[in-house]
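See structure below.
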Amino acid sequence: MGHPNKLSFPIGEYVIPKEITPGHLRAWMEIIEELPEKLDKIIGRLNADQLNTSYRPGGWTVKQLVHHIADSHMNAYIRLKLGMSEDNPTIKPYDQNSWAAMPDSEM
């Protein structure tokens, strides 16, 4: 049976493994490494209307989702570097909905 809120979780909710193995880490790194090429291949075929379409009512557009991936990865990178370089780092959250509404997400 599918997820009760299929529109919010189209591929299902993320399940954290009880134990994270080196195999998990390799697989996750491979996914991250392949993502830009896969996105470019898929997004490059879409027209303007498709890029401005959301997959659920009130949801982000394809453009906003692509920008969210970049924003999220940049924030994670900075948070990791701060965590590794400071004794007591403060992990600053960001309002992802406000970021998704910024003009750069229209590019």
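Following the order of the structure tokens, chains are lettered A, B, ..., residues in each are numbered from 1, and ligands are numbered from 1.
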
**Request:** Pick out the residues sitting within 12 Å of Asp49 in chain A, and hand them over as a list in words; count only C-alpha atoms, and ignore anything fewer than 5 positions along from it in its own chain.
**Result:**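 That gives Ile43, Ser54, Thr61, Val62 and Lys63 of chain A.
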
Using the selection just defined, write its residues with N, CA, C and O atoms as a short mmCIF file (atom, residue, chain, number, x, y, z; two decimals), in the first residue's frame.
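Output (selection-v1.cif):
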```cif
data_model
loop_
_atom_site.label_atom_id
_atom_site.label_comp_id
_atom_site.auth_asym_id
_atom_site.auth_seq_id
_atom_site.Cartn_x
_atom_site.Cartn_y
_atom_site.Cartn_z
N ILE A 43 16.21 17.72 -17.12
CA ILE A 43 15.74 19.10 -17.16
C ILE A 43 15.94 19.70 -18.55
O ILE A 43 15.12 20.49 -19.01
N SER A 54 4.36 22.52 -10.96
CA SER A 54 4.59 21.82 -9.70
C SER A 54 3.86 20.47 -9.78
O SER A 54 2.87 20.35 -10.50
N THR A 61 7.81 24.51 -8.06
CA THR A 61 7.95 24.18 -9.47
C THR A 61 9.21 23.35 -9.67
O THR A 61 10.05 23.24 -8.76
N VAL A 62 9.36 22.80 -10.86
CA VAL A 62 10.58 22.05 -11.18
C VAL A 62 11.79 22.95 -10.99
O VAL A 62 12.80 22.54 -10.39
N LYS A 63 11.70 24.19 -11.47
CA LYS A 63 12.82 25.14 -11.30
C LYS A 63 13.16 25.31 -9.82
O LYS A 63 14.33 25.28 -9.44
#
```

Going by DSSP on the backbone, which bits of chain A are alpha helix (DSSP H)? Write them as an mmCIF file with N, CA, C and O atoms, in the first residue's frame, please.
```
data_model
loop_
_atom_site.group_PDB
_atom_site.id
_atom_site.type_symbol
_atom_site.label_atom_id
_atom_site.label_comp_id
_atom_site.auth_asym_id
_atom_site.auth_seq_id
_atom_site.Cartn_x
_atom_site.Cartn_y
_atom_site.Cartn_z
ATOM 1 N N PRO A 22 29.636 1.052 5.351
ATOM 2 C CA PRO A 22 30.422 1.616 4.247
ATOM 3 C C PRO A 22 29.689 1.473 2.900
ATOM 4 O O PRO A 22 29.803 2.336 2.036
ATOM 5 N N GLY A 23 28.923 0.418 2.742
ATOM 6 C CA GLY A 23 28.150 0.230 1.516
ATOM 7 C C GLY A 23 27.107 1.323 1.333
ATOM 8 O O GLY A 23 26.904 1.813 0.223
ATOM 9 N N HIS A 24 26.442 1.704 2.423
ATOM 10 C CA HIS A 24 25.491 2.823 2.358
ATOM 11 C C HIS A 24 26.208 4.095 1.905
ATOM 12 O O HIS A 24 25.728 4.809 1.024
ATOM 13 N N LEU A 25 27.347 4.370 2.546
ATOM 14 C CA LEU A 25 28.077 5.595 2.232
ATOM 15 C C LEU A 25 28.498 5.630 0.768
ATOM 16 O O LEU A 25 28.349 6.656 0.103
ATOM 17 N N ARG A 26 29.016 4.505 0.251
ATOM 18 C CA ARG A 26 29.411 4.445 -1.168
ATOM 19 C C ARG A 26 28.210 4.688 -2.078
ATOM 20 O O ARG A 26 28.300 5.441 -3.042
ATOM 21 N N ALA A 27 27.097 4.064 -1.773
ATOM 22 C CA ALA A 27 25.898 4.215 -2.601
ATOM 23 C C ALA A 27 25.398 5.663 -2.565
ATOM 24 O O ALA A 27 25.040 6.222 -3.606
ATOM 25 N N TRP A 28 25.389 6.275 -1.396
ATOM 26 C CA TRP A 28 24.925 7.653 -1.284
ATOM 27 C C TRP A 28 25.859 8.611 -2.021
ATOM 28 O O TRP A 28 25.413 9.551 -2.668
ATOM 29 N N MET A 29 27.168 8.385 -1.912
ATOM 30 C CA MET A 29 28.117 9.242 -2.625
ATOM 31 C C MET A 29 27.951 9.098 -4.134
ATOM 32 O O MET A 29 28.058 10.078 -4.880
ATOM 33 N N GLU A 30 27.667 7.899 -4.586
ATOM 34 C CA GLU A 30 27.447 7.675 -6.016
ATOM 35 C C GLU A 30 26.196 8.419 -6.498
ATOM 36 O O GLU A 30 26.193 9.031 -7.562
ATOM 37 N N ILE A 31 25.154 8.382 -5.697
ATOM 38 C CA ILE A 31 23.922 9.107 -6.042
ATOM 39 C C ILE A 31 24.210 10.602 -6.174
ATOM 40 O O ILE A 31 23.789 11.253 -7.139
ATOM 41 N N ILE A 32 24.936 11.156 -5.209
ATOM 42 C CA ILE A 32 25.259 12.584 -5.238
ATOM 43 C C ILE A 32 26.147 12.902 -6.436
ATOM 44 O O ILE A 32 25.954 13.917 -7.114
ATOM 45 N N GLU A 33 27.101 12.043 -6.724
ATOM 46 C CA GLU A 33 28.007 12.263 -7.850
ATOM 47 C C GLU A 33 27.264 12.250 -9.188
ATOM 48 O O GLU A 33 27.554 13.045 -10.084
ATOM 49 N N GLU A 34 26.296 11.374 -9.326
ATOM 50 C CA GLU A 34 25.564 11.235 -10.589
ATOM 51 C C GLU A 34 24.444 12.269 -10.760
ATOM 52 O O GLU A 34 23.948 12.472 -11.874
ATOM 53 N N LEU A 35 24.040 12.892 -9.690
ATOM 54 C CA LEU A 35 22.878 13.779 -9.735
ATOM 55 C C LEU A 35 22.980 14.914 -10.755
ATOM 56 O O LEU A 35 22.038 15.116 -11.527
ATOM 57 N N PRO A 36 24.069 15.689 -10.809
ATOM 58 C CA PRO A 36 24.094 16.796 -11.773
ATOM 59 C C PRO A 36 23.886 16.342 -13.218
ATOM 60 O O PRO A 36 23.117 16.965 -13.962
ATOM 61 N N GLU A 37 24.531 15.273 -13.611
ATOM 62 C CA GLU A 37 24.381 14.778 -14.989
ATOM 63 C C GLU A 37 22.949 14.304 -15.246
ATOM 64 O O GLU A 37 22.370 14.594 -16.295
ATOM 65 N N LYS A 38 22.373 13.598 -14.284
ATOM 66 C CA LYS A 38 20.998 13.121 -14.451
ATOM 67 C C LYS A 38 20.021 14.289 -14.527
ATOM 68 O O LYS A 38 19.110 14.287 -15.357
ATOM 69 N N LEU A 39 20.197 15.280 -13.656
ATOM 70 C CA LEU A 39 19.321 16.446 -13.687
ATOM 71 C C LEU A 39 19.439 17.177 -15.014
ATOM 72 O O LEU A 39 18.435 17.559 -15.616
ATOM 73 N N ASP A 40 20.672 17.378 -15.471
ATOM 74 C CA ASP A 40 20.891 18.068 -16.735
ATOM 75 C C ASP A 40 20.205 17.334 -17.887
ATOM 76 O O ASP A 40 19.553 17.956 -18.724
ATOM 77 N N LYS A 41 20.315 16.028 -17.888
ATOM 78 C CA LYS A 41 19.700 15.215 -18.945
ATOM 79 C C LYS A 41 18.173 15.337 -18.918
ATOM 80 O O LYS A 41 17.534 15.494 -19.952
ATOM 81 N N ILE A 42 17.592 15.277 -17.743
ATOM 82 C CA ILE A 42 16.135 15.334 -17.611
ATOM 83 C C ILE A 42 15.617 16.760 -17.812
ATOM 84 O O ILE A 42 14.694 16.995 -18.592
ATOM 85 N N ILE A 43 16.206 17.720 -17.119
ATOM 86 C CA ILE A 43 15.737 19.098 -17.157
ATOM 87 C C ILE A 43 15.938 19.700 -18.548
ATOM 88 O O ILE A 43 15.123 20.491 -19.015
ATOM 89 N N ALA A 48 9.468 25.491 -21.140
ATOM 90 C CA ALA A 48 9.224 26.494 -20.097
ATOM 91 C C ALA A 48 8.002 26.154 -19.242
ATOM 92 O O ALA A 48 8.041 26.299 -18.014
ATOM 93 N N ASP A 49 6.931 25.695 -19.879
ATOM 94 C CA ASP A 49 5.730 25.347 -19.105
ATOM 95 C C ASP A 49 6.012 24.200 -18.137
ATOM 96 O O ASP A 49 5.553 24.222 -16.989
ATOM 97 N N GLN A 50 6.743 23.206 -18.608
ATOM 98 C CA GLN A 50 7.059 22.067 -17.741
ATOM 99 C C GLN A 50 7.969 22.492 -16.590
ATOM 100 O O GLN A 50 7.803 22.027 -15.462
ATOM 101 N N LEU A 51 8.930 23.371 -16.857
ATOM 102 C CA LEU A 51 9.836 23.848 -15.803
ATOM 103 C C LEU A 51 9.096 24.660 -14.741
ATOM 104 O O LEU A 51 9.540 24.745 -13.600
ATOM 105 N N VAL A 62 9.360 22.796 -10.857
ATOM 106 C CA VAL A 62 10.579 22.046 -11.176
ATOM 107 C C VAL A 62 11.790 22.949 -10.988
ATOM 108 O O VAL A 62 12.796 22.542 -10.389
ATOM 109 N N LYS A 63 11.704 24.194 -11.471
ATOM 110 C CA LYS A 63 12.818 25.138 -11.298
ATOM 111 C C LYS A 63 13.165 25.308 -9.822
ATOM 112 O O LYS A 63 14.332 25.283 -9.437
ATOM 113 N N GLN A 64 12.149 25.502 -9.005
ATOM 114 C CA GLN A 64 12.382 25.705 -7.573
ATOM 115 C C GLN A 64 12.991 24.468 -6.931
ATOM 116 O O GLN A 64 13.857 24.577 -6.060
ATOM 117 N N LEU A 65 12.549 23.289 -7.357
ATOM 118 C CA LEU A 65 13.113 22.053 -6.802
ATOM 119 C C LEU A 65 14.584 21.909 -7.162
ATOM 120 O O LEU A 65 15.405 21.518 -6.327
ATOM 121 N N VAL A 66 14.934 22.233 -8.398
ATOM 122 C CA VAL A 66 16.342 22.147 -8.820
ATOM 123 C C VAL A 66 17.187 23.135 -8.016
ATOM 124 O O VAL A 66 18.273 22.794 -7.535
ATOM 125 N N HIS A 67 16.675 24.347 -7.828
ATOM 126 C CA HIS A 67 17.405 25.334 -7.022
ATOM 127 C C HIS A 67 17.495 24.886 -5.568
ATOM 128 O O HIS A 67 18.518 25.111 -4.913
ATOM 129 N N HIS A 68 16.447 24.248 -5.069
ATOM 130 C CA HIS A 68 16.469 23.762 -3.685
ATOM 131 C C HIS A 68 17.579 22.728 -3.486
ATOM 132 O O HIS A 68 18.250 22.728 -2.449
ATOM 133 N N ILE A 69 17.785 21.884 -4.465
ATOM 134 C CA ILE A 69 18.864 20.888 -4.358
ATOM 135 C C ILE A 69 20.202 21.598 -4.201
ATOM 136 O O ILE A 69 20.995 21.263 -3.313
ATOM 137 N N ALA A 70 20.436 22.603 -5.039
ATOM 138 C CA ALA A 70 21.696 23.351 -4.944
ATOM 139 C C ALA A 70 21.800 24.092 -3.614
ATOM 140 O O ALA A 70 22.845 24.033 -2.945
ATOM 141 N N ASP A 71 20.732 24.777 -3.222
ATOM 142 C CA ASP A 71 20.742 25.519 -1.954
ATOM 143 C C ASP A 71 21.006 24.589 -0.774
ATOM 144 O O ASP A 71 21.806 24.883 0.109
ATOM 145 N N SER A 72 20.340 23.468 -0.776
ATOM 146 C CA SER A 72 20.470 22.503 0.313
ATOM 147 C C SER A 72 21.890 21.941 0.394
ATOM 148 O O SER A 72 22.462 21.832 1.483
ATOM 149 N N HIS A 73 22.466 21.620 -0.758
ATOM 150 C CA HIS A 73 23.825 21.071 -0.766
ATOM 151 C C HIS A 73 24.842 22.127 -0.343
ATOM 152 O O HIS A 73 25.786 21.814 0.392
ATOM 153 N N MET A 74 24.649 23.372 -0.789
ATOM 154 C CA MET A 74 25.575 24.439 -0.368
ATOM 155 C C MET A 74 25.498 24.658 1.136
ATOM 156 O O MET A 74 26.529 24.806 1.806
ATOM 157 N N ASN A 75 24.295 24.684 1.683
ATOM 158 C CA ASN A 75 24.146 24.865 3.120
ATOM 159 C C ASN A 75 24.753 23.698 3.894
ATOM 160 O O ASN A 75 25.408 23.896 4.912
ATOM 161 N N ALA A 76 24.560 22.486 3.411
ATOM 162 C CA ALA A 76 25.139 21.319 4.081
ATOM 163 C C ALA A 76 26.665 21.390 4.051
ATOM 164 O O ALA A 76 27.327 21.081 5.056
ATOM 165 N N TYR A 77 27.224 21.804 2.934
ATOM 166 C CA TYR A 77 28.681 21.927 2.798
ATOM 167 C C TYR A 77 29.224 22.946 3.803
ATOM 168 O O TYR A 77 30.184 22.668 4.519
ATOM 169 N N ILE A 78 28.583 24.110 3.855
ATOM 170 C CA ILE A 78 29.031 25.155 4.785
ATOM 171 C C ILE A 78 28.887 24.684 6.232
ATOM 172 O O ILE A 78 29.783 24.877 7.058
ATOM 173 N N ARG A 79 27.769 24.036 6.552
ATOM 174 C CA ARG A 79 27.565 23.544 7.918
ATOM 175 C C ARG A 79 28.651 22.530 8.295
ATOM 176 O O ARG A 79 29.158 22.539 9.423
ATOM 177 N N LEU A 80 28.989 21.658 7.381
ATOM 178 C CA LEU A 80 30.028 20.657 7.641
ATOM 179 C C LEU A 80 31.372 21.332 7.891
ATOM 180 O O LEU A 80 32.083 21.007 8.844
ATOM 181 N N LYS A 81 31.718 22.306 7.031
ATOM 182 C CA LYS A 81 32.999 23.008 7.202
ATOM 183 C C LYS A 81 33.034 23.765 8.531
ATOM 184 O O LYS A 81 34.057 23.777 9.214
ATOM 185 N N LEU A 82 31.927 24.399 8.896
ATOM 186 C CA LEU A 82 31.879 25.102 10.183
ATOM 187 C C LEU A 82 32.037 24.111 11.330
ATOM 188 O O LEU A 82 32.751 24.372 12.298
ATOM 189 N N GLY A 83 31.373 22.974 11.215
ATOM 190 C CA GLY A 83 31.471 21.952 12.258
ATOM 191 C C GLY A 83 32.876 21.408 12.415
ATOM 192 O O GLY A 83 33.297 21.034 13.510
ATOM 193 N N MET A 84 33.613 21.370 11.330
ATOM 194 C CA MET A 84 34.984 20.843 11.367
ATOM 195 C C MET A 84 36.012 21.902 11.758
ATOM 196 O O MET A 84 37.122 21.566 12.153
ATOM 197 N N SER A 85 35.637 23.181 11.649
ATOM 198 C CA SER A 85 36.630 24.237 11.866
ATOM 199 C C SER A 85 36.399 25.068 13.128
ATOM 200 O O SER A 85 37.235 25.891 13.468
ATOM 201 N N GLN A 96 13.696 27.513 3.769
ATOM 202 C CA GLN A 96 13.765 26.998 2.404
ATOM 203 C C GLN A 96 12.636 27.522 1.525
ATOM 204 O O GLN A 96 12.818 27.703 0.319
ATOM 205 N N ASN A 97 11.479 27.817 2.086
ATOM 206 C CA ASN A 97 10.381 28.369 1.282
ATOM 207 C C ASN A 97 10.704 29.783 0.807
ATOM 208 O O ASN A 97 10.400 30.140 -0.334
ATOM 209 N N SER A 98 11.344 30.586 1.672
ATOM 210 C CA SER A 98 11.755 31.929 1.260
ATOM 211 C C SER A 98 12.835 31.850 0.191
ATOM 212 O O SER A 98 12.835 32.617 -0.767
ATOM 213 N N TRP A 99 13.766 30.911 0.346
ATOM 214 C CA TRP A 99 14.819 30.748 -0.657
ATOM 215 C C TRP A 99 14.197 30.323 -1.994
ATOM 216 O O TRP A 99 14.609 30.790 -3.047
ATOM 217 N N ALA A 100 13.204 29.447 -1.951
ATOM 218 C CA ALA A 100 12.564 28.961 -3.186
ATOM 219 C C ALA A 100 11.807 30.079 -3.886
ATOM 220 O O ALA A 100 11.587 29.993 -5.107
#
```

**Point-to-point distance from CA of Gly12 in chain A to CA of Ser105 in chain A, Å rounded to tenths** =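 Separation of CA of Gly12 in chain A and CA of Ser105 in chain A: 25.4 Å.
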
Identify, on the basis of only C-alpha atoms, every residue whose closest approach to Ser8 in chain A does not exceed 12 Å; exclude the query and any residue fewer than 6 positions from it along the same chain; express the result as a PDB file with C-alpha atoms, in the first residue's frame.
```pdb
ATOM      1  CA  GLY A   2       1.240   3.503  -0.847  1.00  0.00           C
ATOM      2  CA  TYR A  14      13.083   8.452   3.973  1.00  0.00           C
ATOM      3  CA  SER A  54       4.585  21.818  -9.699  1.00  0.00           C
ATOM      4  CA  TYR A  55       3.766  18.155  -9.149  1.00  0.00           C
ATOM      5  CA  ARG A  56       1.243  18.919  -6.419  1.00  0.00           C
ATOM      6  CA  PRO A  57      -1.084  21.817  -5.549  1.00  0.00           C
ATOM      7  CA  GLY A  58       0.851  24.545  -3.747  1.00  0.00           C
ATOM      8  CA  GLY A  59       4.136  22.721  -4.320  1.00  0.00           C
ATOM      9  CA  TRP A  60       7.358  24.052  -5.736  1.00  0.00           C
TER      10      TRP A  60
END
```
